[in-house]
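Accompanying notes for the structure given below.
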Amino acid sequence: MRWSQTYIPTLREKQSDAELISHQLLIRAGYIRKLAAGVYVYLPLMQRVIEKFSNIVREEMNKAGALEITMSVLCPAELWQASGRYETVGKELMRLKDRHDHAMLLCPTHEETVTHLLAGELKSYKQLPLNLYQIQVKFRDEIRPRFGLMRGREFIMKDAYTFDVDEASFNRSYQAMVDAYFAIFKRAGLDVIKVESDTGTMGGKEAHEFMFLVDTEAGEEIILTTKDGSYAANVEKADFRDLAEIKTDSEMKEMRTVDTPGAATIEEVTAFLGVDPTRLVKTLICMADGKPVAALVRGDRDLNEVKLKNALSASELEMASPEQIEECTGAPVGFAGPVGLKDVPIIVDPLVTKLRNFVVGANANEKHIVNVNIDRDFKATRIVDITLARAGDAPPVGDGVMIAKRGIEVGNTFMLGTKYSESLGAKFLDAEGKEHPCIMGSYGIGITRTPQAVLEKYHDRKGIIWPSSIAPYLVELIPLNVQQEAQVQPAEAIYKTLTEAGIEVLYDDRPERAGVKFNDADLIGMPIRITIGDKSLKEGKIELKARCEETVELVPLKEILAKVRKMAERLK
RNA sequence: CGGGGUGUGGCGCAGUCAGGCAGCGCGCUUGCUUUGGGAGCAAGAUGUCGGAGGUUCAAAUCCUCUCACCCCGACCA
């Protein structure tokens with residue numbers, strides 16, 4: 001492709017509203033333009049990256065036995081009402097009405113569509129297993145879109161769905177997808193780790209996320225993992241063993257109320273009473289589907305809202321407002337406690353049950369209660385793990401402690417069970433003629449997010465450095481001065497030779513000065529650069545340079561094809 | 001949803017407090033020169049100052065409403 005014939009609007013100055021280096025580079029290098037918050041136009045270079053990555057995904061999916069289809073972006077609301085997600089997904093769902101006032105939505109994912117499709121088609125176990133996938137645009141009305149393609153309201157995703165007759169068959173299907181995922185990300189230049197994750201509104205029993213680990217704020221997810229990687233989980237999912245040494249009293253002491261003027265936070269109360277935070281118990285008032293719940297965690301620990309939400313089977317969970325807290329406890333924020341709390345379920349973390357003579361709020365302004373004991377002084381409605389794991393905790397099994405890392409979620413896999421096949425009727429007859437719902441799985445890869453994640457790693461001060469597997473073009477060809485026939489002639493010859501050999505070349509035929517061309521080349525980041533200039537041309541040679549290396553190789557014109565192939569092989 | 005901020009030519013911004021010819025840099029067009037790391041000179045083009053309403057002799061500027069975008073928050077009592 002000749003530069004003069006395509007559209008690559010590079011910018012000299014950076015865009016102030018792009019925070020991540022990867023986002024910045026996509027804009028400056030002329031890959032994307034923003035249309036609205038979280039909505040982007042993909043320009044020619046980005047389009048090629050998307051196609052390259054999509055093709056890698058296709059190859060690996062097809063190899064794993066998946067079948068590509070295309071489902072509609074639009075979906076009638078009824079299907080989502082049938083699965084229950086029309087309500088549970090809430091405001092993230094892009095809803096609309098057609099001219100007949102019929103409720104529709106723009107799909108954020110396609111479990112309902114694909115399950116409904118098969119519900120009308122599936123008859124026999126002989127048709128299974130089945131794995132259907134598509135690469136298509138998705139919509140999520142994100143609360144706050146940011147970071148360019150990382151968190152958009154419209155984005156492209158590969159989503160696959162498996163249907164199996166039993167657990168054993170399902171496990172094979174799931175493992176095939178996991179294997180394919182590792183292969184896909186590796187080919188795109190990313191080392192990823194698989195971590196346990198919460199299933200969220202997707203439902204089902206287990207889920208995994210594929211994380212690309214980064215040190216920057218691009219890593220929106222926190223991962224806890226052992227050093228050897230034997231355990232790895234998203235922090236909101238992570239199980240743990242608490243290693244804190246707790247000094248407990250042998251005898252229960254008499255409970256009494258004490259004044260704690262001006263001490264509302266854990267820090268203030270521990271300082272005031274002169275006790276360790278582990279001797280305090282936090283009482284957090286939450287609203288679960290509109291109803292108040294008291295959650296008790298040890299003073300030095302934090303609540304894991306996802307765990308609490310799951311324990312309560314709630315579809316919406318949020319911290320109560322100060323007004324709601326006052327209404328519920330009769331005291332301002334900071335003095336809630338379980339003793340004497342009426343008509344509010346009390347969910348207690350197991351770490352709290354090990355404590356004796358602890359401190360809680362007294363449900364009265366500036367008062368706390370000391371020497372409180374569970375069962376004697378209040379009853380737990382339920383005892384369940386609701387504590388957020390943290391670095392320094394032990395993994396649920398195995399030695400050592402967990403460390404925290406940041407990651408970008410580039411893929412996920414869900415074990416859906418029969419949630420959708422039952423509610424939407426995807427059932428089959430077994431060999432005995434008995435009807436069963438399919439065991440399902442769903443599998444996503446961010447097609448637009450992943451290349452941006454790649455850029456978080458593959459760049460330098462001057463611009464992008466694409467891995468050749470997903471680069472828009474393998475080679476950028478630069479005659480430094482197109483006024484000189486002596487440069488244009490070999491440039492045209494090389495362009496022809498390489499193109500005919502099936503090598504993708506971006507030929508910078510613009511009448512720009514050398515500096516402009518070099519800077520643009522470094523910015524847009526093609527893996528191999530061929531430079532034609534007077535200096536080396538005098539010796540009958542042209543210059544070959546890898547974007548990721550400093551050294552320049554001088555090669556005779558005739559050998560260029562062989563040398564480019566050799567370098568391409570080396571860069572793989 | 002709450003708080004803060006920003007909307008001025010393609011991009012980046014000044015001008016707003018204190019009303020009085022709509023500016024600067026980059027980019028763009030044309031010509032000449034230049035040509036190995038974002039060239040020089042010259043001549044140009046490009047704006048409903050986010051939108052609507054109001055105050056005023058006069059509004060980018062003051063007032064009211066509104067829209068869009070950005071940042072922070074919406075767990076850690």
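Here, A, B, ... name the chains of the structure tokens in the order displayed, residue numbers run from 1 inside each chain, and ligands are numbered from 1 in the same displayed order.
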
**Message:** Residues of chain A within 6 Å of chain B, counting only C-alpha atoms (C1' of nucleotides), what are they? List them as an MDAnalysis selection string.
**Reply:** chainID A and resid 302 333:334 513 515:516

With C-alpha atoms retained, could you export that selection as a JSON list (two decimals), in the first residue's frame?
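Final output, saved to result29.json:
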```json
[["chain", "number", "residue", "atom", "x", "y", "z"],
["A", 302, "ASP", "CA", -12.19, -5.32, 54.23],
["A", 333, "VAL", "CA", -22.10, 6.56, 60.35],
["A", 334, "GLY", "CA", -19.32, 4.94, 62.35],
["A", 513, "ARG", "CA", 11.43, 15.27, 4.36],
["A", 515, "GLY", "CA", 12.75, 13.53, 9.47],
["A", 516, "VAL", "CA", 9.01, 13.44, 8.99]]
```

**Message:** I'd like the contact shell of A:Gly38 - 10 Å cut-off, only C-alpha atoms (C1' of nucleotides), skipping same-chain residues fewer than 4 positions apart - returned as a PyMOL selection string.
**Reply:** chain A and resi 34+140-142+144-155

**Prompt:** DSSP on the backbone: what in stretch 178-255 of chain A comes out strand (DSSP E or B), as a list of chain:residue names?
**Reply:**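 Reading the DSSP output for stretch 178-255 of chain A, strand (DSSP E or B) covers A:Val192, A:Ile193, A:Lys194, A:Val195, A:Glu196, A:Ser197, A:Glu206, A:Ala207, A:His208, A:Glu209, A:Phe210, A:Met211, A:Phe212, A:Leu213, A:Val214, A:Glu221, A:Ile222, A:Ile223, A:Leu224, A:Thr225, A:Ala232, A:Ala233, A:Asn234, A:Arg241.
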
**Request:** Could you find all residues in stretch 459-513 of chain A that DSSP calls helix (DSSP H, G or I) from the backbone, and write them as a list in words?
**Result:**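 Assigned to helix (DSSP H, G or I), within stretch 459-513 of chain A: Glu485, Ala486, Gln487, Val488, Gln489, Pro490, Ala491, Glu492, Ala493, Ile494, Tyr495, Lys496, Thr497, Leu498, Thr499 and Glu500 of chain A.
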
**Request:** Please identify all polymer residues within 8 Å of stretch 58-60 of chain B, counting only C-alpha atoms (C1' of nucleotides), omitting same-chain residues fewer than 5 positions from it, and present them as a list in words.
**Result:** U8, U16, G19, G20 and C49 of chain B

**Message:** Neighbouring residues of A:Phe170 were defined as those with any atom within 8 Å, considering only C-alpha atoms (C1' of nucleotides); residues of the same chain fewer than 5 positions away were excluded. Please report them as a ChimeraX atom specification.
**Reply:** /A:162-165,439-441

**Asked** Which neighbours of stretch 531-540 of chain A fall inside 12 Å, counting only C-alpha atoms (C1' of nucleotides), when residues of the same chain fewer than 6 positions from it are skipped, and could you give them as a PyMOL selection string?
**Response** (chain A and resi 475-495+507-509+513-514+517-518+521+546+552-560) or (chain B and resi 35-36)

Given the selection you just returned, output its residues as a file containing C-alpha atoms (C1' of nucleotides), formatted as a compact mmCIF listing (two decimals), in the first residue's frame.
```txt
# COMPACT_ATOMS: atom_id res chain seq x y z
CA VAL A 475 7.50 -3.67 6.20
CA GLU A 476 7.61 0.08 5.85
CA LEU A 477 9.54 1.16 2.79
CA ILE A 478 11.00 4.68 2.82
CA PRO A 479 12.72 6.46 -0.05
CA LEU A 480 14.06 9.53 1.74
CA ASN A 481 13.77 11.89 -1.18
CA VAL A 482 11.14 11.18 -3.79
CA GLN A 483 12.50 14.02 -5.96
CA GLN A 484 15.44 11.82 -6.77
CA GLU A 485 14.84 9.28 -9.47
CA ALA A 486 17.85 7.34 -8.16
CA GLN A 487 15.87 6.61 -4.99
CA VAL A 488 12.41 6.21 -6.47
CA GLN A 489 13.52 3.58 -8.98
CA PRO A 490 14.88 1.08 -6.46
CA ALA A 491 11.99 1.87 -4.12
CA GLU A 492 9.45 0.98 -6.78
CA ALA A 493 11.40 -2.16 -7.62
CA ILE A 494 11.55 -3.29 -4.01
CA TYR A 495 7.87 -2.51 -3.51
CA TYR A 507 5.40 2.33 0.94
CA ASP A 508 5.97 5.89 2.15
CA ASP A 509 5.87 7.61 -1.23
CA ARG A 513 11.43 15.27 4.36
CA ALA A 514 13.43 12.45 5.88
CA LYS A 517 9.14 9.99 7.48
CA PHE A 518 11.42 8.55 10.14
CA ALA A 521 7.63 5.28 10.84
CA ALA A 546 14.00 -3.85 12.80
CA VAL A 552 21.02 -1.03 10.71
CA GLU A 553 21.95 -3.68 8.19
CA LEU A 554 23.23 -2.67 4.75
CA VAL A 555 22.13 -5.07 2.06
CA PRO A 556 22.56 -5.20 -1.72
CA LEU A 557 19.39 -4.50 -3.61
CA LYS A 558 19.22 -7.98 -5.06
CA GLU A 559 19.28 -9.65 -1.68
CA ILE A 560 16.49 -7.62 -0.16
C1' U B 35 15.93 17.35 1.17
C1' G B 36 19.37 11.40 6.14
```

**Prompt:** Could you name the residues that touch A:Asp375 at 12 Å or less, counting only C-alpha atoms (C1' of nucleotides), but leaving out those on the same chain fewer than 6 positions away, as a ChimeraX atom specification?
**Reply:** /A:252,338-339,346,348,352-357,381-383

Can you list every residue of stretch 462-511 of chain A that has an atom at most 12 Å from stretch 185-189 of chain A, with its nearest atom pair and the distance in Å to one decimal, using only C-alpha atoms, ordered by chain then number, as CSV?
```
residue,atom,partner,partner_atom,distance
A:Ile465,CA,A:Gly189,CA,11.3
A:Trp466,CA,A:Gly189,CA,9.0
A:Pro467,CA,A:Gly189,CA,6.2
A:Ser468,CA,A:Ala188,CA,8.6
A:Ser469,CA,A:Ala188,CA,6.1
A:Ile470,CA,A:Ala188,CA,6.4
A:Ala471,CA,A:Ala188,CA,9.6
```

**Complete:** The distance between atom C1' of B:G25 and atom CA of A:Gln24 is 20.9 Å

**Request:** Name the closest residue to A:Pro472 among the candidates A:Pro527, A:Gly446, A:Val281, A:Gly392; distances are taken between atoms, counting only C-alpha atoms.
**Result:**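 Of A:Pro527, A:Gly446, A:Val281, A:Gly392, the one nearest A:Pro472, counting only C-alpha atoms, is A:Pro527.
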